[in-house]
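Listing of entry.cif; format and content: mmCIF, C-alpha atoms and all ligand atoms.
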```
data_query
#
loop_
_atom_site.group_PDB
_atom_site.id
_atom_site.type_symbol
_atom_site.label_atom_id
_atom_site.label_comp_id
_atom_site.auth_asym_id
_atom_site.auth_seq_id
_atom_site.Cartn_x
_atom_site.Cartn_y
_atom_site.Cartn_z
ATOM 1 C CA MET A 8 -77.353 86.003 18.688
ATOM 2 C CA LEU A 9 -78.374 82.834 16.887
ATOM 3 C CA GLU A 10 -81.938 82.878 15.598
ATOM 4 C CA VAL A 11 -83.670 79.862 14.161
ATOM 5 C CA LYS A 12 -86.993 80.913 12.636
ATOM 6 C CA GLN A 13 -89.747 78.591 11.425
ATOM 7 C CA VAL A 14 -87.292 76.061 10.037
ATOM 8 C CA THR A 15 -88.778 73.145 8.121
ATOM 9 C CA LYS A 16 -86.715 70.356 6.581
ATOM 10 C CA LYS A 17 -87.720 67.136 4.882
ATOM 11 C CA ILE A 18 -85.465 64.186 4.074
ATOM 12 C CA ASP A 19 -86.661 61.822 1.348
ATOM 13 C CA GLY A 20 -90.053 63.549 1.512
ATOM 14 C CA ARG A 21 -90.394 62.864 5.259
ATOM 15 C CA PRO A 22 -90.674 65.903 7.561
ATOM 16 C CA ILE A 23 -87.816 65.834 10.066
ATOM 17 C CA LEU A 24 -87.932 69.452 11.248
ATOM 18 C CA GLN A 25 -91.192 71.423 11.324
ATOM 19 C CA ASN A 26 -91.531 75.087 12.219
ATOM 20 C CA ILE A 27 -88.541 75.079 14.536
ATOM 21 C CA THR A 28 -88.066 78.442 16.215
ATOM 22 C CA PHE A 29 -85.722 79.461 19.020
ATOM 23 C CA SER A 30 -82.984 81.966 19.707
ATOM 24 C CA LEU A 31 -79.776 81.751 21.709
ATOM 25 C CA ASP A 32 -77.808 84.612 23.228
ATOM 26 C CA SER A 33 -74.089 85.005 22.788
ATOM 27 C CA GLY A 34 -72.058 83.435 25.568
ATOM 28 C CA SER A 35 -74.548 80.694 26.223
ATOM 29 C CA ILE A 36 -74.498 76.918 26.116
ATOM 30 C CA ALA A 37 -77.548 75.129 24.744
ATOM 31 C CA GLY A 38 -78.103 71.407 25.033
ATOM 32 C CA LEU A 39 -79.937 69.747 22.159
ATOM 33 C CA VAL A 40 -81.654 66.590 23.378
ATOM 34 C CA GLY A 41 -84.148 64.120 21.976
ATOM 35 C CA ARG A 42 -84.769 60.491 21.154
ATOM 36 C CA ASN A 43 -82.531 58.607 18.722
ATOM 37 C CA GLY A 44 -83.408 59.628 15.180
ATOM 38 C CA ALA A 45 -85.344 62.695 16.349
ATOM 39 C CA GLY A 46 -83.451 65.076 14.060
ATOM 40 C CA LYS A 47 -80.695 66.590 16.213
ATOM 41 C CA THR A 48 -77.941 66.067 13.645
ATOM 42 C CA THR A 49 -80.230 67.294 10.864
ATOM 43 C CA LEU A 50 -80.936 70.475 12.832
ATOM 44 C CA LEU A 51 -77.262 71.075 13.622
ATOM 45 C CA ARG A 52 -76.296 70.545 9.972
ATOM 46 C CA THR A 53 -79.083 72.896 8.869
ATOM 47 C CA MET A 54 -77.952 75.503 11.418
ATOM 48 C CA ALA A 55 -74.395 75.175 10.128
ATOM 49 C CA GLY A 56 -75.566 75.862 6.572
ATOM 50 C CA ILE A 57 -74.618 72.378 5.355
ATOM 51 C CA LEU A 58 -78.260 71.447 4.683
ATOM 52 C CA ASP A 59 -80.760 73.902 3.207
ATOM 53 C CA PRO A 60 -84.112 74.227 4.943
ATOM 54 C CA GLU A 61 -87.258 74.064 2.783
ATOM 55 C CA GLN A 62 -88.665 76.955 4.765
ATOM 56 C CA GLY A 63 -87.500 79.337 7.457
ATOM 57 C CA SER A 64 -84.151 80.890 8.190
ATOM 58 C CA ILE A 65 -81.100 80.627 10.416
ATOM 59 C CA GLN A 66 -79.559 83.955 11.309
ATOM 60 C CA TRP A 67 -76.307 84.612 13.034
ATOM 61 C CA ASN A 68 -76.200 88.196 14.346
ATOM 62 C CA SER A 69 -79.113 89.066 12.038
ATOM 63 C CA VAL A 70 -77.389 87.728 8.893
ATOM 64 C CA SER A 71 -78.824 84.686 7.111
ATOM 65 C CA VAL A 72 -76.446 81.716 7.145
ATOM 66 C CA HIS A 73 -77.876 80.363 3.885
ATOM 67 C CA SER A 74 -78.032 83.631 1.909
ATOM 68 C CA HIS A 75 -74.627 84.858 3.125
ATOM 69 C CA PRO A 76 -72.263 81.873 3.166
ATOM 70 C CA GLU A 77 -69.421 84.053 4.481
ATOM 71 C CA VAL A 78 -71.197 83.885 7.872
ATOM 72 C CA LYS A 79 -70.100 80.241 7.993
ATOM 73 C CA ARG A 80 -66.550 81.398 8.682
ATOM 74 C CA ASP A 81 -67.820 82.518 12.055
ATOM 75 C CA MET A 82 -69.577 79.201 12.719
ATOM 76 C CA VAL A 83 -68.030 75.799 13.149
ATOM 77 C CA TYR A 84 -69.794 72.445 13.118
ATOM 78 C CA ILE A 85 -68.109 69.353 14.492
ATOM 79 C CA ALA A 86 -69.775 66.105 13.431
ATOM 80 C CA ASP A 87 -70.237 63.155 15.759
ATOM 81 C CA SER A 88 -67.685 61.119 13.839
ATOM 82 C CA THR A 89 -64.022 62.090 13.721
ATOM 83 C CA GLU A 90 -63.448 59.689 10.827
ATOM 84 C CA PRO A 91 -62.911 62.408 8.193
ATOM 85 C CA PHE A 92 -59.951 63.614 10.300
ATOM 86 C CA HIS A 93 -58.281 60.226 10.658
ATOM 87 C CA GLY A 94 -55.840 60.575 7.774
ATOM 88 C CA TYR A 95 -54.435 63.850 9.113
ATOM 89 C CA THR A 96 -52.139 64.797 11.948
ATOM 90 C CA ALA A 97 -53.287 67.516 14.358
ATOM 91 C CA MET A 98 -50.825 69.925 12.750
ATOM 92 C CA GLU A 99 -52.196 69.182 9.266
ATOM 93 C CA LEU A 100 -55.716 69.799 10.571
ATOM 94 C CA ALA A 101 -54.605 73.120 12.025
ATOM 95 C CA ASP A 102 -53.188 74.068 8.573
ATOM 96 C CA LEU A 103 -56.468 73.057 6.928
ATOM 97 C CA TYR A 104 -58.638 74.938 9.403
ATOM 98 C CA GLN A 105 -56.409 77.990 9.153
ATOM 99 C CA GLN A 106 -57.252 78.170 5.447
ATOM 100 C CA ILE A 107 -60.986 77.947 6.111
ATOM 101 C CA TYR A 108 -61.327 80.088 9.222
ATOM 102 C CA PRO A 109 -59.688 83.523 8.929
ATOM 103 C CA LYS A 110 -59.509 84.049 12.715
ATOM 104 C CA PHE A 111 -57.854 80.660 13.362
ATOM 105 C CA ASP A 112 -55.581 81.092 16.404
ATOM 106 C CA ARG A 113 -52.576 78.845 15.913
ATOM 107 C CA MET A 114 -50.869 79.886 19.112
ATOM 108 C CA TYR A 115 -53.944 79.044 21.102
ATOM 109 C CA PHE A 116 -54.233 75.694 19.302
ATOM 110 C CA MET A 117 -50.626 74.812 20.162
ATOM 111 C CA ASP A 118 -51.046 75.903 23.799
ATOM 112 C CA LEU A 119 -54.144 73.796 24.335
ATOM 113 C CA MET A 120 -52.688 70.751 22.564
ATOM 114 C CA GLU A 121 -49.654 70.998 24.850
ATOM 115 C CA ARG A 122 -51.806 71.536 27.936
ATOM 116 C CA PHE A 123 -53.621 68.270 27.209
ATOM 117 C CA LYS A 124 -50.386 66.532 26.140
ATOM 118 C CA LEU A 125 -51.738 65.718 22.676
ATOM 119 C CA PRO A 126 -49.284 64.835 19.913
ATOM 120 C CA PHE A 127 -48.959 67.191 16.935
ATOM 121 C CA HIS A 128 -47.467 64.803 14.386
ATOM 122 C CA LYS A 129 -49.342 61.569 14.902
ATOM 123 C CA LYS A 130 -52.246 60.610 12.628
ATOM 124 C CA ILE A 131 -55.617 61.146 14.326
ATOM 125 C CA ARG A 132 -56.551 57.506 13.559
ATOM 126 C CA HIS A 133 -53.962 56.437 16.137
ATOM 127 C CA PHE A 134 -55.474 58.643 18.868
ATOM 128 C CA SER A 135 -57.703 57.190 21.578
ATOM 129 C CA LYS A 136 -61.375 58.287 21.527
ATOM 130 C CA GLY A 137 -60.671 60.759 24.341
ATOM 131 C CA MET A 138 -57.697 62.253 22.480
ATOM 132 C CA LYS A 139 -59.823 62.574 19.333
ATOM 133 C CA ALA A 140 -62.644 64.291 21.271
ATOM 134 C CA LEU A 141 -60.258 66.763 22.869
ATOM 135 C CA THR A 142 -58.419 67.469 19.608
ATOM 136 C CA VAL A 143 -61.570 68.300 17.638
ATOM 137 C CA LEU A 144 -62.825 70.457 20.482
ATOM 138 C CA ILE A 145 -59.516 72.349 20.609
ATOM 139 C CA LEU A 146 -59.618 72.668 16.828
ATOM 140 C CA SER A 147 -63.162 74.081 16.954
ATOM 141 C CA PHE A 148 -62.316 76.669 19.621
ATOM 142 C CA SER A 149 -59.100 77.609 17.822
ATOM 143 C CA THR A 150 -61.149 78.741 14.822
ATOM 144 C CA ARG A 151 -62.245 81.610 17.098
ATOM 145 C CA ALA A 152 -65.649 81.194 15.500
ATOM 146 C CA SER A 153 -68.393 82.798 17.581
ATOM 147 C CA CYS A 154 -70.837 79.953 17.166
ATOM 148 C CA ILE A 155 -69.812 76.355 17.794
ATOM 149 C CA LEU A 156 -72.120 73.453 16.988
ATOM 150 C CA LEU A 157 -71.046 70.133 18.479
ATOM 151 C CA ASP A 158 -72.687 66.811 17.688
ATOM 152 C CA GLU A 159 -72.227 64.409 20.604
ATOM 153 C CA PRO A 160 -68.767 65.683 21.629
ATOM 154 C CA THR A 161 -68.470 63.398 24.652
ATOM 155 C CA ASN A 162 -69.530 60.141 23.030
ATOM 156 C CA GLY A 163 -67.455 57.175 24.101
ATOM 157 C CA ILE A 164 -65.012 59.044 26.308
ATOM 158 C CA ASP A 165 -64.183 58.268 29.915
ATOM 159 C CA ALA A 166 -65.290 60.314 32.927
ATOM 160 C CA ILE A 167 -61.950 62.102 33.321
ATOM 161 C CA VAL A 168 -61.655 63.198 29.685
ATOM 162 C CA LYS A 169 -65.345 64.135 29.775
ATOM 163 C CA LYS A 170 -64.648 66.417 32.709
ATOM 164 C CA GLN A 171 -61.752 67.984 30.792
ATOM 165 C CA VAL A 172 -63.914 68.473 27.680
ATOM 166 C CA LEU A 173 -66.732 70.073 29.670
ATOM 167 C CA SER A 174 -64.368 72.301 31.678
ATOM 168 C CA LEU A 175 -62.749 73.470 28.459
ATOM 169 C CA LEU A 176 -66.164 74.253 27.036
ATOM 170 C CA VAL A 177 -67.304 76.260 30.050
ATOM 171 C CA GLU A 178 -63.940 78.052 30.248
ATOM 172 C CA GLU A 179 -64.174 79.055 26.588
ATOM 173 C CA VAL A 180 -67.758 80.268 26.787
ATOM 174 C CA ALA A 181 -66.935 82.354 29.873
ATOM 175 C CA GLU A 182 -63.751 83.826 28.364
ATOM 176 C CA SER A 183 -64.649 84.449 24.752
ATOM 177 C CA GLY A 184 -68.448 84.671 24.847
ATOM 178 C CA VAL A 185 -68.996 82.082 22.133
ATOM 179 C CA THR A 186 -72.379 80.443 21.659
ATOM 180 C CA VAL A 187 -72.235 76.670 21.898
ATOM 181 C CA VAL A 188 -74.908 74.152 20.938
ATOM 182 C CA ILE A 189 -74.241 70.588 22.039
ATOM 183 C CA SER A 190 -76.246 67.597 20.972
ATOM 184 C CA THR A 191 -75.962 64.824 23.517
ATOM 185 C CA HIS A 192 -77.684 61.866 25.129
ATOM 186 C CA HIS A 193 -75.796 62.503 28.385
ATOM 187 C CA LEU A 194 -78.388 64.552 30.195
ATOM 188 C CA GLU A 195 -76.478 64.760 33.464
ATOM 189 C CA GLU A 196 -73.598 66.667 31.874
ATOM 190 C CA LEU A 197 -76.006 69.256 30.457
ATOM 191 C CA GLU A 198 -77.455 69.833 33.908
ATOM 192 C CA ARG A 199 -74.069 71.124 34.947
ATOM 193 C CA ILE A 200 -73.303 73.379 31.999
ATOM 194 C CA ALA A 201 -76.355 74.287 29.891
ATOM 195 C CA ASP A 202 -78.196 77.606 30.063
ATOM 196 C CA THR A 203 -80.936 76.372 27.755
ATOM 197 C CA ILE A 204 -82.285 72.975 26.792
ATOM 198 C CA LEU A 205 -83.658 72.448 23.289
ATOM 199 C CA LEU A 206 -85.824 69.378 23.527
ATOM 200 C CA PHE A 207 -86.917 67.571 20.376
ATOM 201 C CA LYS A 208 -90.579 66.661 20.589
ATOM 202 C CA GLY A 209 -91.758 64.966 17.421
ATOM 203 C CA THR A 210 -90.523 67.250 14.662
ATOM 204 C CA THR A 211 -90.497 70.420 16.759
ATOM 205 C CA VAL A 212 -88.207 71.755 19.434
ATOM 206 C CA GLU A 213 -89.333 72.983 22.841
ATOM 207 C CA THR A 214 -87.086 75.486 24.578
ATOM 208 C CA ILE A 215 -86.589 74.982 28.297
ATOM 209 C CA GLU A 216 -84.765 77.857 29.956
ATOM 210 C CA GLY A 217 -82.274 76.867 32.619
ATOM 211 C CA ASN A 218 -81.261 73.258 32.931
ATOM 212 C CA GLY A 219 -84.633 71.829 33.816
ATOM 213 C CA SER A 220 -84.325 72.327 37.579
ATOM 214 C CA SER A 221 -86.393 75.508 37.469
ATOM 215 C CA GLY A 222 -89.601 76.071 35.600
ATOM 216 C CA PRO A 223 -93.165 74.921 36.006
ATOM 217 C CA TYR A 224 -92.361 71.482 37.390
ATOM 218 C CA VAL A 225 -92.551 69.818 40.763
ATOM 219 C CA LYS A 226 -91.277 66.338 41.509
ATOM 220 C CA LEU A 227 -92.932 64.543 44.378
ATOM 221 C CA GLN A 228 -92.394 61.316 46.200
ATOM 222 C CA VAL A 229 -95.664 60.215 47.756
ATOM 223 C CA VAL A 230 -96.430 57.192 49.895
ATOM 224 C CA PHE A 231 -100.168 56.590 50.147
ATOM 225 C CA ARG A 232 -101.761 55.011 53.199
ATOM 226 C CA GLU A 233 -103.965 52.665 51.267
ATOM 227 C CA GLN A 234 -105.272 52.772 47.717
ATOM 228 C CA ALA A 235 -103.550 55.337 45.497
ATOM 229 C CA PRO A 236 -106.043 57.993 44.294
ATOM 230 C CA ALA A 237 -106.450 56.971 40.652
ATOM 231 C CA ALA A 238 -108.283 60.178 39.709
ATOM 232 C CA LEU A 239 -105.351 62.322 40.864
ATOM 233 C CA LEU A 240 -102.743 60.116 39.245
ATOM 234 C CA SER A 241 -104.498 60.376 35.915
ATOM 235 C CA LEU A 242 -104.710 64.191 35.898
ATOM 236 C CA PRO A 243 -103.326 65.487 32.586
ATOM 237 C CA ASN A 244 -100.541 67.467 34.315
ATOM 238 C CA VAL A 245 -99.374 64.512 36.432
ATOM 239 C CA ARG A 246 -97.038 61.784 35.249
ATOM 240 C CA VAL A 247 -96.112 58.784 37.353
ATOM 241 C CA SER A 248 -92.349 58.421 36.861
ATOM 242 C CA SER A 249 -92.126 55.296 38.962
ATOM 243 C CA GLN A 250 -94.103 53.177 41.350
ATOM 244 C CA VAL A 251 -92.695 50.709 43.844
ATOM 245 C CA GLY A 252 -95.469 49.292 46.038
ATOM 246 C CA ARG A 253 -97.202 52.297 47.600
ATOM 247 C CA VAL A 254 -94.310 54.637 46.820
ATOM 248 C CA TYR A 255 -94.997 56.875 43.827
ATOM 249 C CA THR A 256 -92.623 59.332 42.174
ATOM 250 C CA LEU A 257 -94.561 61.967 40.284
ATOM 251 C CA LEU A 258 -93.772 64.871 38.022
ATOM 252 C CA ILE A 259 -96.301 67.683 37.961
ATOM 253 C CA GLU A 260 -96.340 70.361 35.285
ATOM 254 C CA ASP A 261 -98.329 73.591 35.651
ATOM 255 C CA GLN A 262 -100.796 74.262 38.473
ATOM 256 C CA GLN A 263 -98.150 72.622 40.635
ATOM 257 C CA GLU A 264 -99.125 74.052 44.031
ATOM 258 C CA GLU A 265 -102.820 73.438 43.467
ATOM 259 C CA THR A 266 -102.086 69.857 42.427
ATOM 260 C CA VAL A 267 -99.721 69.276 45.369
ATOM 261 C CA ARG A 268 -102.547 70.401 47.695
ATOM 262 C CA LEU A 269 -104.868 67.822 46.140
ATOM 263 C CA PHE A 270 -102.325 65.130 46.980
ATOM 264 C CA GLU A 271 -101.914 66.527 50.519
ATOM 265 C CA GLN A 272 -105.674 66.255 51.031
ATOM 266 C CA GLU A 273 -105.300 62.494 50.603
ATOM 267 C CA SER A 274 -103.257 62.515 53.864
ATOM 268 C CA PRO A 275 -100.400 60.451 52.468
ATOM 269 C CA LEU A 276 -97.869 58.873 54.823
ATOM 270 C CA VAL A 277 -95.071 60.743 53.043
ATOM 271 C CA LEU A 278 -95.174 63.657 50.617
ATOM 272 C CA GLU A 279 -91.743 64.943 49.781
ATOM 273 C CA ARG A 280 -90.497 67.317 47.074
ATOM 274 C CA LEU A 281 -87.443 66.100 45.158
ATOM 275 C CA PRO A 282 -85.144 68.060 42.859
ATOM 276 C CA VAL A 283 -86.318 67.982 39.231
ATOM 277 C CA ARG A 284 -83.670 66.406 36.993
ATOM 278 C CA LEU A 285 -83.361 66.851 33.260
ATOM 279 C CA GLU A 286 -83.917 63.123 32.921
ATOM 280 C CA ASP A 287 -87.331 63.569 34.618
ATOM 281 C CA LEU A 288 -88.328 66.157 32.029
ATOM 282 C CA PHE A 289 -87.014 64.015 29.195
ATOM 283 C CA THR A 290 -89.147 61.086 30.341
ATOM 284 C CA TYR A 291 -92.119 63.333 31.108
ATOM 285 C CA LYS A 292 -92.043 64.974 27.683
ATOM 286 C CA LEU A 293 -90.933 62.083 25.536
ATOM 287 C CA GLY A 294 -91.924 58.960 27.423
ATOM 288 C CA ASP A 295 -94.910 58.342 25.138
ATOM 289 C CA GLU A 296 -93.038 59.101 21.941
ATOM 290 C CA HIS A 297 -92.313 56.280 19.599
ATOM 291 C CA HIS A 298 -88.705 55.408 19.113
ATOM 292 C CA VAL A 299 -88.202 57.002 15.685
ATOM 293 C CA GLU A 300 -85.469 54.840 14.282
HETATM 294 N N1 LIG B 401 -79.028 61.176 4.594
HETATM 295 C C1 LIG B 401 -80.162 60.684 5.059
HETATM 296 N N2 LIG B 401 -80.943 59.883 4.282
HETATM 297 C C2 LIG B 401 -82.106 59.375 4.748
HETATM 298 N N3 LIG B 401 -82.585 59.599 5.987
HETATM 299 C C3 LIG B 401 -81.862 60.370 6.797
HETATM 300 C C4 LIG B 401 -80.609 60.952 6.378
HETATM 301 N N4 LIG B 401 -80.131 61.692 7.416
HETATM 302 C C5 LIG B 401 -81.017 61.561 8.423
HETATM 303 N N5 LIG B 401 -82.041 60.772 8.043
HETATM 304 C C6 LIG B 401 -83.214 60.420 8.890
HETATM 305 O O1 LIG B 401 -83.653 61.592 9.533
HETATM 306 C C7 LIG B 401 -84.051 61.310 10.873
HETATM 307 C C8 LIG B 401 -83.278 62.206 11.809
HETATM 308 O O2 LIG B 401 -81.920 61.782 11.802
HETATM 309 P P1 LIG B 401 -80.827 62.531 12.692
HETATM 310 O O3 LIG B 401 -79.514 61.867 12.414
HETATM 311 O O4 LIG B 401 -80.931 63.988 12.467
HETATM 312 O O5 LIG B 401 -81.325 62.180 14.178
HETATM 313 P P2 LIG B 401 -80.565 62.335 15.586
HETATM 314 O O6 LIG B 401 -81.558 62.948 16.514
HETATM 315 O O7 LIG B 401 -79.278 63.042 15.410
HETATM 316 O O8 LIG B 401 -80.341 60.825 15.981
HETATM 317 P P3 LIG B 401 -79.263 60.118 16.984
HETATM 318 O O9 LIG B 401 -79.544 60.657 18.344
HETATM 319 O O10 LIG B 401 -79.618 58.685 16.890
HETATM 320 O O11 LIG B 401 -77.904 60.451 16.469
HETATM 321 C C9 LIG B 401 -83.796 59.820 11.083
HETATM 322 O O12 LIG B 401 -85.015 59.167 10.919
HETATM 323 C C10 LIG B 401 -82.817 59.465 10.001
HETATM 324 O O13 LIG B 401 -82.976 58.132 9.600
#
```

Have the structure of the file written as structure tokens, please.
Ligand SMILES: Nc1ncnc2c1ncn2[C@@H]1O[C@H](COP(=O)(O)OP(=O)(O)OP(=O)(O)O)[C@@H](O)[C@H]1O
Amino acid sequence: MLEVKQVTKKIDGRPILQNITFSLDSGSIAGLVGRNGAGKTTLLRTMAGILDPEQGSIQWNSVSVHSHPEVKRDMVYIADSTEPFHGYTAMELADLYQQIYPKFDRMYFMDLMERFKLPFHKKIRHFSKGMKALTVLILSFSTRASCILLDEPTNGIDAIVKKQVLSLLVEEVAESGVTVVISTHHLEELERIADTILLFKGTTVETIEGNGSSGPYVKLQVVFREQAPAALLSLPNVRVSSQVGRVYTLLIEDQQEETVRLFEQESPLVLERLPVRLEDLFTYKLGDEHHVE
């Protein structure tokens, strides 16, 4: 189990992470989402033990990552840039990782590289973005580390490679019970694979169990006969996601049924429930937040 407890981190005196607390079970996939500059990379690097928190702790199976650096051999962090790997071939990277990670599975590495038809002896700088993404993912799983932290693993890759990357991820989590945390801006891919969403709100993280489709939210499409009821639309638990003429799309949090009834009492022409998407929650939670950087 990965436990992040009351983690606080400043950069250049500015608080980036404040009192961040959540825990993730083994064999789960968590999606880390938030606005640009929110602090996702900082959190991943702190979880990986690369950055020290000012306060709080990160524990992997009840052992502190920062006080017991040997735990890091069971955790792997893959940055959003593959640039540090560019001067190496895949085989050289395997050699390097084998020295760092005692459980590195060379056979498994070779099998997966062959399965995806990736070259062993070509410098990574000559790989396409998709090949780079797949190679670093294969490398990370080959460490046989139990906790894998991935910063934007599907950035800049096409839909087919993305599907391969995500299938590989799900396959690995199901087979070897690893815990994976993925930072991404691609919310739709998390809907398919994540068990938990960690949503950056300001300098804290809100945990949303499931992929956003369950939970205390209702999405409604309402077409009003005449004037839209301003008092209802400005209720604190109602957010207007969009409005086209008299057609309103609303997201309601908490007291959903009671609030839906209030809308029904207005006798709208149409009142229809729609599936709640992660993007709806993202906009609902973060729509008012300033773009950080
Ligand atoms: N080395 C650094 N020096 C100064 N400021 C930094 C440094 N690293 C991060 N920051 C600042 O910390 C904040 C969080 O950055 P971080 O990279 O963690 O965000 P992010 O959520 O990963 O962003 P993005 O989604 O755009 O990749 C930003 O305001 C960033 O400018």

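Atom pair CA of Ile145 (chain A) / CA of Glu121 (chain A): separated by 10.8 Å.
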
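Relative to CA of Val168 (chain A), CA of Arg284 (chain A) is found at 23.4 Å.
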
Practice problem: Produce as a VMD selection string the set of residues near ligand LIG 401 (chain B), where near means within 8 Å with only C-alpha atoms and all ligand atoms considered. | Solution: chain A and resid 18 to 19 23 40 to 50 158 190 to 192 299 to 300

Practice problem: Can you work out the spacing between CA of Val78 (chain A) and CA of Met138 (chain A) in Å, to one decimal? | Solution: 29.4 Å

Starting from the PyMOL selection byres (((chain A and resi 107) around 12) and not hetatm), expand the selection into actual residues of this file and give them as a PDB file with C-alpha atoms, keeping the file's coordinate frame.
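New file part_32.pdb:
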```pdb
ATOM      1  CA  GLU A  77     -69.421  84.053   4.481  1.00  0.00           C
ATOM      2  CA  VAL A  78     -71.197  83.885   7.872  1.00  0.00           C
ATOM      3  CA  LYS A  79     -70.100  80.241   7.993  1.00  0.00           C
ATOM      4  CA  ARG A  80     -66.550  81.398   8.682  1.00  0.00           C
ATOM      5  CA  ASP A  81     -67.820  82.518  12.055  1.00  0.00           C
ATOM      6  CA  MET A  82     -69.577  79.201  12.719  1.00  0.00           C
ATOM      7  CA  VAL A  83     -68.030  75.799  13.149  1.00  0.00           C
ATOM      8  CA  LEU A 100     -55.716  69.799  10.571  1.00  0.00           C
ATOM      9  CA  ALA A 101     -54.605  73.120  12.025  1.00  0.00           C
ATOM     10  CA  ASP A 102     -53.188  74.068   8.573  1.00  0.00           C
ATOM     11  CA  LEU A 103     -56.468  73.057   6.928  1.00  0.00           C
ATOM     12  CA  TYR A 104     -58.638  74.938   9.403  1.00  0.00           C
ATOM     13  CA  GLN A 105     -56.409  77.990   9.153  1.00  0.00           C
ATOM     14  CA  GLN A 106     -57.252  78.170   5.447  1.00  0.00           C
ATOM     15  CA  TYR A 108     -61.327  80.088   9.222  1.00  0.00           C
ATOM     16  CA  PRO A 109     -59.688  83.523   8.929  1.00  0.00           C
ATOM     17  CA  LYS A 110     -59.509  84.049  12.715  1.00  0.00           C
ATOM     18  CA  PHE A 111     -57.854  80.660  13.362  1.00  0.00           C
ATOM     19  CA  SER A 147     -63.162  74.081  16.954  1.00  0.00           C
ATOM     20  CA  SER A 149     -59.100  77.609  17.822  1.00  0.00           C
ATOM     21  CA  THR A 150     -61.149  78.741  14.822  1.00  0.00           C
ATOM     22  CA  ARG A 151     -62.245  81.610  17.098  1.00  0.00           C
ATOM     23  CA  ALA A 152     -65.649  81.194  15.500  1.00  0.00           C
TER      24      ALA A 152
END
```

Quiz item: Given the file above and the PyMOL selection byres (((chain A and resi 97-99) around 12) and not hetatm), which residues are selected, and can you give them as number ranges by chain?
Solution: A: 92-96, 100-106, 113-114, 116-117, 119-121, 125-134, 138-139, 141-146

Quiz prompt | Neighbour list for Val277 (chain A) as a PyMOL selection string, cut-off 12 Å, all atoms listed in the file, skip fewer than 6 positions in-chain | solution = chain A and resi 227-232+253-256+270-271

Self-check item: Result set, the PyMOL selection byres (((chain A and resi 61-71) around 7) and not hetatm) on current file, as a ChimeraX atom specification
Solution: /A:8-16,54,59-60,72-75

Write out as a tab-separated table (two decimals) with C-alpha atoms, keeping the file's coordinate frame the residues lying within 6 Å of Glu260 (chain A), counting all atoms listed in the file and excluding same-chain residues fewer than 6 positions away.
```
chain	number	residue	atom	x	y	z
A	223	PRO	CA	-93.16	74.92	36.01
A	224	TYR	CA	-92.36	71.48	37.39
A	244	ASN	CA	-100.54	67.47	34.32
```
